[in-house]
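Visitor: Enclosed is the structure file input-v9.txt (compact mmCIF, C-alpha atoms).
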# COMPACT_ATOMS: atom_id res chain seq x y z
CA MET A 1 6.22 0.95 21.55
CA SER A 2 9.29 -0.61 20.09
CA LEU A 3 10.21 -3.57 17.97
CA VAL A 4 12.31 -4.96 20.81
CA SER A 5 9.60 -4.80 23.46
CA GLU A 6 7.01 -6.30 21.13
CA SER A 7 9.36 -9.13 20.21
CA ALA A 8 9.90 -9.82 23.90
CA ASP A 9 6.15 -10.14 24.44
CA LEU A 10 5.87 -12.47 21.48
CA ALA A 11 8.53 -14.74 22.97
CA HIS A 12 6.50 -15.12 26.16
CA PRO A 13 2.89 -15.26 25.01
CA LEU A 14 1.44 -15.92 28.45
CA ARG A 15 3.41 -13.23 30.23
CA THR A 16 0.75 -10.54 29.93
CA GLU A 17 -2.95 -10.67 30.61
CA ALA A 18 -3.65 -9.24 27.15
CA SER A 19 -1.80 -11.99 25.31
CA ALA A 20 -3.64 -14.67 27.29
CA ARG A 21 -7.03 -13.44 26.05
CA VAL A 22 -8.86 -15.47 23.45
CA SER A 23 -8.81 -13.68 20.13
CA MET A 24 -12.08 -12.13 19.05
CA ALA A 25 -10.69 -11.03 15.70
CA GLY A 26 -12.84 -11.75 12.69
CA VAL A 27 -11.62 -12.27 9.14
CA GLU A 28 -12.73 -8.72 8.35
CA ASP A 29 -10.32 -7.38 11.02
CA TYR A 30 -7.36 -9.05 9.34
CA LEU A 31 -8.51 -7.70 5.98
CA ALA A 32 -8.75 -4.22 7.54
CA LEU A 33 -5.15 -4.59 8.81
CA MET A 34 -4.08 -4.83 5.15
CA LYS A 35 -5.55 -1.37 4.36
CA PRO A 36 -7.62 -2.57 1.39
CA ARG A 37 -8.22 0.93 -0.04
CA VAL A 38 -4.50 1.71 -0.12
CA MET A 39 -3.91 -1.77 -1.49
CA SER A 40 -6.33 -1.18 -4.37
CA LEU A 41 -4.38 1.92 -5.46
CA VAL A 42 -1.10 0.01 -5.15
CA VAL A 43 -2.43 -2.87 -7.25
CA PHE A 44 -3.84 -0.53 -9.89
CA THR A 45 -0.63 1.49 -10.33
CA ALA A 46 1.44 -1.72 -10.31
CA LEU A 47 -0.88 -3.17 -12.97
CA VAL A 48 -0.31 -0.13 -15.18
CA GLY A 49 3.47 -0.39 -14.75
CA LEU A 50 3.31 -4.09 -15.56
CA VAL A 51 1.04 -3.81 -18.59
CA ILE A 52 2.66 -0.86 -20.36
CA ALA A 53 6.19 -2.25 -19.93
CA PRO A 54 7.84 -3.48 -23.12
CA GLY A 55 8.04 -7.20 -23.76
CA HIS A 56 5.62 -10.00 -23.00
CA LEU A 57 4.73 -11.42 -19.61
CA HIS A 58 2.52 -14.51 -19.38
CA PRO A 59 -0.84 -13.53 -17.79
CA VAL A 60 -0.45 -16.15 -15.05
CA ILE A 61 2.99 -14.79 -14.09
CA GLY A 62 1.57 -11.25 -14.26
CA PHE A 63 -1.30 -12.24 -11.97
CA ALA A 64 1.12 -13.87 -9.54
CA ALA A 65 3.25 -10.70 -9.55
CA LEU A 66 0.23 -8.50 -8.78
CA LEU A 67 -0.88 -10.89 -6.03
CA CYS A 68 2.57 -10.71 -4.41
CA ILE A 69 2.59 -6.90 -4.67
CA ALA A 70 -0.91 -6.73 -3.15
CA VAL A 71 0.05 -9.01 -0.25
CA GLY A 72 3.29 -7.06 0.26
CA ALA A 73 1.28 -3.82 0.44
CA GLY A 74 -1.07 -5.50 2.93
CA ALA A 75 1.92 -6.59 5.03
CA ALA A 76 3.23 -3.02 5.12
CA GLY A 77 -0.25 -1.82 6.16
CA ALA A 78 -0.47 -4.39 8.98
CA LEU A 79 2.99 -3.48 10.31
CA ASN A 80 2.06 0.21 10.11
CA MET A 81 -1.09 -0.44 12.17
CA TRP A 82 0.91 -2.52 14.67
CA TYR A 83 3.45 0.25 15.26
CA ASP A 84 1.05 3.19 15.09
CA ALA A 85 -1.65 1.73 17.38
CA ASP A 86 -0.92 4.40 20.03
CA ILE A 87 -1.40 7.21 17.49
CA ASP A 88 -4.43 5.56 15.90
CA ALA A 89 -6.13 5.24 19.30
CA VAL A 90 -6.33 9.02 19.82
CA MET A 91 -7.34 9.97 16.27
CA THR A 92 -11.05 9.97 15.42
CA ARG A 93 -10.47 8.63 11.91
CA THR A 94 -8.43 5.63 13.07
CA ALA A 95 -9.64 4.89 16.63
CA GLN A 96 -11.72 1.93 15.50
CA ARG A 97 -8.94 0.18 13.58
CA PRO A 98 -8.48 -3.47 14.66
CA VAL A 99 -5.54 -2.92 17.07
CA PRO A 100 -6.68 0.24 18.93
CA GLY A 101 -10.24 -1.14 18.79
CA GLY A 102 -9.01 -4.13 20.84
CA ARG A 103 -10.08 -6.80 18.35
CA VAL A 104 -6.53 -7.73 17.28
CA GLU A 105 -3.61 -7.90 19.70
CA PRO A 106 -0.47 -5.93 18.71
CA GLY A 107 1.56 -9.16 18.61
CA GLU A 108 -0.97 -10.74 16.25
CA ALA A 109 -0.80 -7.76 13.89
CA PHE A 110 3.02 -7.87 14.00
CA ALA A 111 3.15 -11.62 13.27
CA PHE A 112 0.55 -11.24 10.51
CA GLY A 113 2.52 -8.42 8.85
CA VAL A 114 5.92 -10.14 9.08
CA THR A 115 4.51 -13.43 7.74
CA LEU A 116 2.81 -11.75 4.77
CA ALA A 117 5.91 -9.66 4.03
CA ALA A 118 8.18 -12.72 4.00
CA PHE A 119 5.75 -14.75 1.87
CA SER A 120 5.18 -11.98 -0.68
CA ILE A 121 8.88 -11.13 -1.13
CA VAL A 122 10.05 -14.75 -1.40
CA ALA A 123 7.18 -15.68 -3.72
CA LEU A 124 7.81 -12.68 -6.00
CA GLY A 125 11.51 -13.58 -6.16
CA LEU A 126 10.88 -17.23 -6.93
CA LEU A 127 7.90 -16.85 -9.25
CA VAL A 128 8.78 -13.64 -11.14
CA ASN A 129 12.27 -12.17 -10.71
CA LEU A 130 14.73 -10.98 -8.06
CA ILE A 131 14.73 -7.29 -9.10
CA ALA A 132 10.99 -7.01 -8.52
CA ALA A 133 11.33 -8.88 -5.21
CA ALA A 134 14.16 -6.59 -4.08
CA LEU A 135 12.07 -3.52 -4.95
CA LEU A 136 9.09 -4.93 -3.02
CA ALA A 137 11.30 -5.66 -0.01
CA PHE A 138 12.73 -2.14 -0.11
CA THR A 139 9.23 -0.64 -0.42
CA ILE A 140 7.99 -2.51 2.66
CA PHE A 141 11.15 -1.55 4.57
CA PHE A 142 10.80 2.09 3.50
CA TYR A 143 7.13 2.30 4.52
CA VAL A 144 7.47 0.50 7.84
CA VAL A 145 10.90 1.55 9.10
CA VAL A 146 11.74 4.83 7.34
CA TYR A 147 8.24 6.33 7.20
CA THR A 148 6.25 4.74 10.06
CA MET A 149 8.95 4.29 12.70
CA TRP A 150 11.13 7.29 11.92
CA LEU A 151 9.77 10.12 9.75
CA LYS A 152 6.10 10.13 10.73
CA ARG A 153 6.79 11.12 14.35
CA SER A 154 9.82 13.33 13.76
CA THR A 155 9.38 15.72 10.82
CA PRO A 156 6.66 17.61 8.91
CA GLN A 157 8.34 16.31 5.75
CA ASN A 158 7.18 12.80 6.77
CA ILE A 159 4.74 12.29 3.93
CA VAL A 160 7.00 13.96 1.37
CA ILE A 161 9.88 11.51 1.84
CA GLY A 162 7.65 8.67 2.99
CA GLY A 163 5.54 9.14 -0.12
CA ALA A 164 8.28 7.33 -2.02
CA ALA A 165 6.95 4.08 -0.57
CA GLY A 166 3.61 4.63 -2.31
CA ALA A 167 5.38 5.58 -5.54
CA PHE A 168 7.32 2.33 -5.94
CA PRO A 169 4.47 -0.06 -7.00
CA PRO A 170 4.46 0.92 -10.73
CA MET A 171 8.25 0.42 -10.71
CA ILE A 172 7.75 -3.02 -9.16
CA GLY A 173 5.18 -3.85 -11.84
CA TRP A 174 7.56 -2.63 -14.55
CA ALA A 175 10.44 -4.63 -13.02
CA ALA A 176 8.23 -7.73 -12.87
CA ALA A 177 7.65 -7.47 -16.62
CA THR A 178 11.13 -6.40 -17.76
CA GLY A 179 13.52 -7.48 -15.01
CA GLY A 180 14.86 -3.93 -14.85
CA ILE A 181 14.15 -0.26 -14.16
CA GLY A 182 13.49 2.08 -17.07
CA ILE A 183 13.19 5.86 -17.39
CA GLU A 184 9.50 5.34 -18.09
CA SER A 185 8.92 3.60 -14.75
CA CYS A 186 10.88 6.38 -13.01
CA LEU A 187 8.42 8.90 -14.51
CA LEU A 188 5.52 6.92 -13.03
CA PHE A 189 7.36 6.97 -9.70
CA LEU A 190 7.77 10.76 -9.90
CA ILE A 191 4.08 11.31 -10.68
CA ILE A 192 2.99 9.51 -7.48
CA PHE A 193 5.87 11.05 -5.48
CA PHE A 194 4.82 14.63 -6.31
CA TRP A 195 1.13 13.73 -6.02
CA THR A 196 1.43 12.54 -2.41
CA PRO A 197 2.08 15.92 -0.63
CA PRO A 198 -0.93 17.85 -2.02
CA HIS A 199 -3.11 14.75 -1.50
CA PHE A 200 -2.12 14.14 2.13
CA TRP A 201 -1.81 17.79 3.13
CA ALA A 202 -5.36 18.45 1.88
CA LEU A 203 -6.48 15.65 4.23
CA SER A 204 -4.31 16.91 7.09
CA LEU A 205 -5.85 20.40 6.75
CA ILE A 206 -9.21 18.80 7.45
CA ARG A 207 -7.86 16.59 10.24
CA SER A 208 -5.21 18.88 11.74
CA GLU A 209 -6.78 18.75 15.24
CA ASP A 210 -6.61 14.95 15.15
CA TYR A 211 -2.93 15.01 14.20
CA ALA A 212 -2.16 17.65 16.84
CA ARG A 213 -3.85 15.56 19.55
CA ALA A 214 -1.83 12.51 18.48
CA GLY A 215 1.41 14.51 18.45
CA VAL A 216 2.11 13.80 14.78
CA PRO A 217 4.08 16.74 13.33
CA MET A 218 2.05 17.14 10.15
CA LEU A 219 2.70 20.37 8.27
CA PRO A 220 -0.52 22.21 9.33
CA VAL A 221 0.25 21.37 12.97
CA VAL A 222 3.89 22.50 12.85
CA ALA A 223 3.95 25.28 10.25
CA GLY A 224 0.32 26.37 10.18
CA GLU A 225 -2.46 26.15 7.61
CA ARG A 226 -1.24 29.10 5.49
CA GLU A 227 2.18 27.49 4.93
CA THR A 228 0.48 24.15 4.17
CA ARG A 229 -1.73 25.77 1.52
CA ARG A 230 1.36 27.44 0.01
CA GLN A 231 3.22 24.12 -0.10
CA ILE A 232 0.17 22.41 -1.66
CA LEU A 233 0.18 25.03 -4.42
CA ILE A 234 3.94 24.61 -5.01
CA TYR A 235 3.67 20.82 -5.27
CA ALA A 236 0.63 21.14 -7.56
CA LEU A 237 2.72 23.45 -9.79
CA VAL A 238 5.40 20.76 -9.99
CA LEU A 239 2.94 17.88 -10.31
CA ALA A 240 1.06 19.24 -13.34
CA PRO A 241 4.09 19.18 -15.72
CA VAL A 242 5.44 15.96 -14.15
CA GLY A 243 2.03 14.39 -14.80
CA ALA A 244 2.30 15.35 -18.46
CA SER A 245 5.97 14.32 -18.73
CA PRO A 246 5.37 10.84 -20.20
CA TRP A 247 3.75 12.59 -23.19
CA LEU A 248 6.22 15.53 -23.23
CA LEU A 249 9.17 13.11 -23.35
CA GLY A 250 7.54 11.01 -26.06
CA TYR A 251 6.75 7.92 -24.02
CA ALA A 252 2.97 8.33 -24.16
CA GLY A 253 0.53 9.42 -26.85
CA LEU A 254 -1.48 12.58 -27.43
CA ALA A 255 -4.59 11.19 -25.71
CA TYR A 256 -2.63 10.79 -22.49
CA GLY A 257 -1.12 14.26 -22.95
CA VAL A 258 -4.55 15.90 -23.25
CA VAL A 259 -5.89 14.02 -20.21
CA ALA A 260 -2.80 14.92 -18.15
CA ILE A 261 -2.90 18.61 -19.08
CA VAL A 262 -6.65 19.03 -18.48
CA SER A 263 -6.67 17.14 -15.17
CA GLY A 264 -3.42 18.83 -14.09
CA ALA A 265 -4.98 22.25 -14.79
CA ALA A 266 -8.06 21.28 -12.74
CA LEU A 267 -5.87 20.17 -9.82
CA LEU A 268 -3.86 23.38 -10.06
CA ALA A 269 -7.06 25.47 -10.11
CA LEU A 270 -8.26 23.78 -6.90
CA ALA A 271 -4.87 24.30 -5.22
CA TRP A 272 -4.98 27.98 -6.28
CA ARG A 273 -8.51 28.40 -4.89
CA LEU A 274 -7.45 26.82 -1.62
CA TRP A 275 -4.48 29.19 -1.43
CA ARG A 276 -6.56 32.31 -2.20
CA ALA A 277 -9.70 31.49 -0.21
CA PRO A 278 -9.09 28.77 2.39
CA SER A 279 -12.07 26.63 3.31
CA GLU A 280 -12.64 23.10 4.50
CA ARG A 281 -14.98 22.51 1.56
CA ILE A 282 -12.26 23.26 -1.00
CA ALA A 283 -9.72 21.19 0.96
CA LYS A 284 -12.15 18.24 0.85
CA ARG A 285 -12.70 18.76 -2.87
CA LEU A 286 -8.95 18.88 -3.49
CA PHE A 287 -8.44 15.68 -1.49
CA ALA A 288 -11.19 13.87 -3.42
CA PHE A 289 -10.07 15.25 -6.79
CA SER A 290 -6.44 14.26 -6.16
CA ILE A 291 -7.52 10.60 -5.93
CA LEU A 292 -9.47 10.97 -9.18
CA TYR A 293 -6.47 12.74 -10.79
CA LEU A 294 -4.08 9.85 -10.13
CA PHE A 295 -6.64 7.27 -11.21
CA VAL A 296 -7.41 9.13 -14.45
CA LEU A 297 -3.73 9.53 -15.38
CA PHE A 298 -2.90 5.85 -14.89
CA ALA A 299 -6.18 4.74 -16.48
CA ALA A 300 -5.34 6.90 -19.51
CA LEU A 301 -2.01 5.12 -19.88
CA LEU A 302 -3.73 1.75 -19.61
CA ILE A 303 -6.49 2.61 -22.11
CA GLU A 304 -4.01 4.13 -24.54
CA TYR A 305 -1.94 0.96 -24.38
CA ALA A 306 -5.06 -1.20 -24.84
CA LEU A 307 -6.03 0.80 -27.92
CA GLY A 308 -2.59 0.05 -29.31
CA GLY A 309 -1.34 3.57 -29.75
CA LEU A 310 -4.42 4.66 -31.69
CA PHE A 311 -3.76 8.28 -30.83
CA GLY A 312 0.01 8.21 -31.14
CA ARG A 313 3.01 6.62 -29.58
CA THR A 314 2.63 4.54 -26.41
CA PHE A 315 5.08 3.15 -23.93
CA ALA A 316 5.24 -0.08 -25.87
CA MET B 1 -1.33 -43.29 41.76
CA SER B 2 -4.22 -40.89 42.19
CA GLU B 3 -5.83 -39.37 39.09
CA GLN B 4 -5.50 -35.62 38.59
CA PRO B 5 -8.88 -33.83 38.43
CA GLU B 6 -9.64 -32.54 34.92
CA GLU B 7 -8.98 -28.82 34.56
CA PRO B 8 -11.73 -26.94 32.82
CA GLY B 9 -9.25 -24.78 30.79
CA ILE B 10 -10.57 -21.96 28.64
CA VAL B 11 -14.14 -22.51 27.52
CA LEU B 12 -14.91 -20.62 24.33
CA THR B 13 -18.19 -18.81 23.89
CA GLU B 14 -20.28 -19.51 20.80
CA GLU B 15 -19.17 -16.18 19.30
CA GLN B 16 -15.48 -17.01 19.88
CA LYS B 17 -15.98 -20.43 18.29
CA ARG B 18 -17.71 -18.83 15.30
CA ARG B 19 -14.90 -16.33 14.81
CA ARG B 20 -12.18 -18.99 15.20
CA ARG B 21 -13.96 -21.14 12.62
CA ALA B 22 -14.16 -18.17 10.21
CA ARG B 23 -10.42 -17.48 10.68
CA SER B 24 -9.61 -21.15 10.10
CA ILE B 25 -11.65 -21.23 6.89
CA ALA B 26 -9.97 -18.02 5.66
CA ILE B 27 -6.49 -19.51 6.31
CA ALA B 28 -7.49 -22.72 4.50
CA LEU B 29 -8.77 -20.75 1.50
CA ALA B 30 -5.60 -18.62 1.40
CA LEU B 31 -3.37 -21.70 1.54
CA GLY B 32 -5.46 -23.39 -1.15
CA ALA B 33 -5.17 -20.33 -3.38
CA PHE B 34 -1.41 -20.23 -2.75
CA VAL B 35 -1.06 -23.89 -3.81
CA ILE B 36 -3.09 -23.24 -6.99
CA VAL B 37 -0.96 -20.18 -7.87
CA ILE B 38 2.29 -22.13 -7.34
CA TYR B 39 0.92 -25.01 -9.45
CA LEU B 40 -0.15 -22.74 -12.33
CA VAL B 41 3.12 -20.77 -12.32
CA THR B 42 5.09 -24.03 -12.29
CA VAL B 43 3.18 -25.29 -15.32
CA VAL B 44 3.63 -21.96 -17.15
CA LYS B 45 7.36 -21.72 -16.35
CA LEU B 46 8.21 -25.32 -17.20
CA GLY B 47 5.75 -25.74 -20.05
CA PRO B 48 6.21 -28.93 -22.07
CA ASP B 49 9.66 -29.42 -20.47
CA VAL B 50 7.92 -30.81 -17.40
CA LEU B 51 7.62 -34.13 -19.27
CA ARG B 52 11.19 -34.10 -20.65
CA ARG B 53 13.43 -35.41 -17.93
CA PRO B 54 16.27 -37.92 -17.87
CA LEU B 55 15.17 -41.41 -16.90
With the file now loaded, output its structure as structure tokens.

Guide:
Amino acid sequence: MSLVSESADLAHPLRTEASARVSMAGVEDYLALMKPRVMSLVVFTALVGLVIAPGHLHPVIGFAALLCIAVGAGAAGALNMWYDADIDAVMTRTAQRPVPGGRVEPGEAFAFGVTLAAFSIVALGLLVNLIAAALLAFTIFFYVVVYTMWLKRSTPQNIVIGGAAGAFPPMIGWAAATGGIGIESCLLFLIIFFWTPPHFWALSLIRSEDYARAGVPMLPVVAGERETRRQILIYALVLAPVGASPWLLGYAGLAYGVVAIVSGAALLALAWRLWRAPSERIAKRLFAFSILYLFVLFAALLIEYALGGLFGRTFA
Amino acid sequence: MSEQPEEPGIVLTEEQKRRRRARSIAIALALGAFVIVIYLVTVVKLGPDVLRRPL
């Protein structure tokens, strides 16, 4: 499937039998195209970046910024599902997504994604600022073109480099509030960037047969489970200090530092257990805990800010 | 001039009509929300200056 061939179909909507069918898509199918669970994490991390940034942003402008970021994330999700429909169709976890499930035509998903992307970027630029809009545009481009179209099908480092797309939202939130990019927002970027490999590789250990059947070169498929567990441990070793870096560098307070060290140690312990005694149960626990880890770290920043630096210095 | 017989075209089932109606309502709600957001942001950005304009 290519952008060119899809565009050709869109230009001649009655050319194929599929495009002449009456759409049976429900509203819930279009919501599913936007990957609401991924979107919720994007919105939450962007909210933290926006709130802890120095300066004041009117709540209405802040809400508009978050709405644009959410819609932009949804656009990236829809374009990902449009391009990856062939992969999704052969994987158990994704076979019932709207496009492979036959409820939404590929052209509809493409048009939906492009429309939302254009709206969200233009609106963020006009309503908030151009730096935030440029970052959102780059994030969508990175996720759709660099990760989905290029890296995902060509290298086991796909989710390492592609993980940058998921790490940008707090920087976009920060840029929406300040009009720039600070060291603090780069630290938030690094936390998510180093969090992505152990998170996704724990999932791919559980689903390696699915990925192998779809021909996606995930690390367990290409390099084996032992190497994947070793890489998970290495990234967890890097992630734990990076997670604590906002406190270590003096940008966050002691409360955040304690939360980051304790949760980082727990993540590291799980990665160590997975390395020493591999089992699907521990891989599942690591996957679930990694989601909790990221949520707890960003929630700690938010709560610390809300308490006004009660336990020490905050970003503000 | 002889009249052309009416073509039946595509006849939607009740389920297709229901889904199309749901999609239409969702688009209307999204557009309405977009208008409200633009309105509120305009008021916030312009503030009292919205009333100060050259005559």

Visitor: Give me the chain A side of the contact with chain B, cut-off 7 Å, one line per residue showing its nearest atom pair and distance in Å at one decimal, counting all atoms listed in the file, sorted by chain and residue number, as CSV.

Guide:
residue,atom,partner,partner_atom,distance
A:Met24,CA,B:Gln16,CA,6.0
A:Ala25,CA,B:Arg19,CA,6.8
A:Gly26,CA,B:Arg19,CA,5.5
A:Val27,CA,B:Arg23,CA,5.6
A:Val60,CA,B:Val41,CA,6.4
A:Ile61,CA,B:Val41,CA,6.2
A:Ala64,CA,B:Val37,CA,6.9
A:Leu127,CA,B:Val41,CA,6.9

Visitor: Select, from A:Val99, A:Tyr256, A:Ala132, A:Thr196, the residue with the minimum atom-to-atom distance to Ile87 in chain A, counting all atoms listed in the file.

Guide: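 Selected residue with least distance to Ile87 in chain A: A:Val99.
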
Visitor: Would you compute the distance between CA of Gly173 in chain A and CA of Ser40 in chain A? Give it in Å to one decimal.

Guide: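 Atom-to-atom, CA of Gly173 in chain A to CA of Ser40 in chain A, that is 14.0 Å.
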
Visitor: Take the point (1.3, -6.5, 1.6) as written in the file and pick out every residue within 8 Å of it, counting all atoms listed in the file; give the list as a count of residues only.

Guide: 18

Visitor: Quick one, how far is CA of Ala165 in chain A from CA of His56 in chain A?

Guide: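 Distance reported for this atom pair: 26.5 Å.
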
Visitor: List every protein, DNA or RNA residue that has an atom no more than 8 Å from (-4.0, 28.3, 5.4) in the file's coordinate frame, counting only C-alpha atoms, and report them as a ChimeraX atom specification.

Guide: /A:224-230,274-275,278

Visitor: For Leu239 in chain A, please output as a list in words all residues within 7 Å (counting only C-alpha atoms; exclusion window: fewer than 4 positions along the same chain).

Guide: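 My reading of the contact set: Ile191, Phe194, Trp195, Tyr235 and Gly243 of chain A.
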
Visitor: Measure the distance from CA of Ile282 in chain A to CA of Pro220 in chain A in Å and round it to one decimal.

Guide: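 Between CA of Ile282 in chain A and CA of Pro220 in chain A the gap is 15.7 Å.
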
Visitor: Skip Lys284 in chain A itself and residues of its chain fewer than 5 positions away, then list as a list in words all residues within 9 Å of it, counting all atoms listed in the file.

Guide: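 The contact residues come out as Ala202, Leu203, Leu205, Ile206, Ser279 and Phe289 of chain A.
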
Visitor: If we count all atoms listed in the file, what is near Gly162 in chain A at a cut-off of 8 Å, once residues fewer than 4 positions away on the same chain are taken out, given as a PyMOL selection string?

Guide: chain A and resi 142-143+146-147+151+158+166
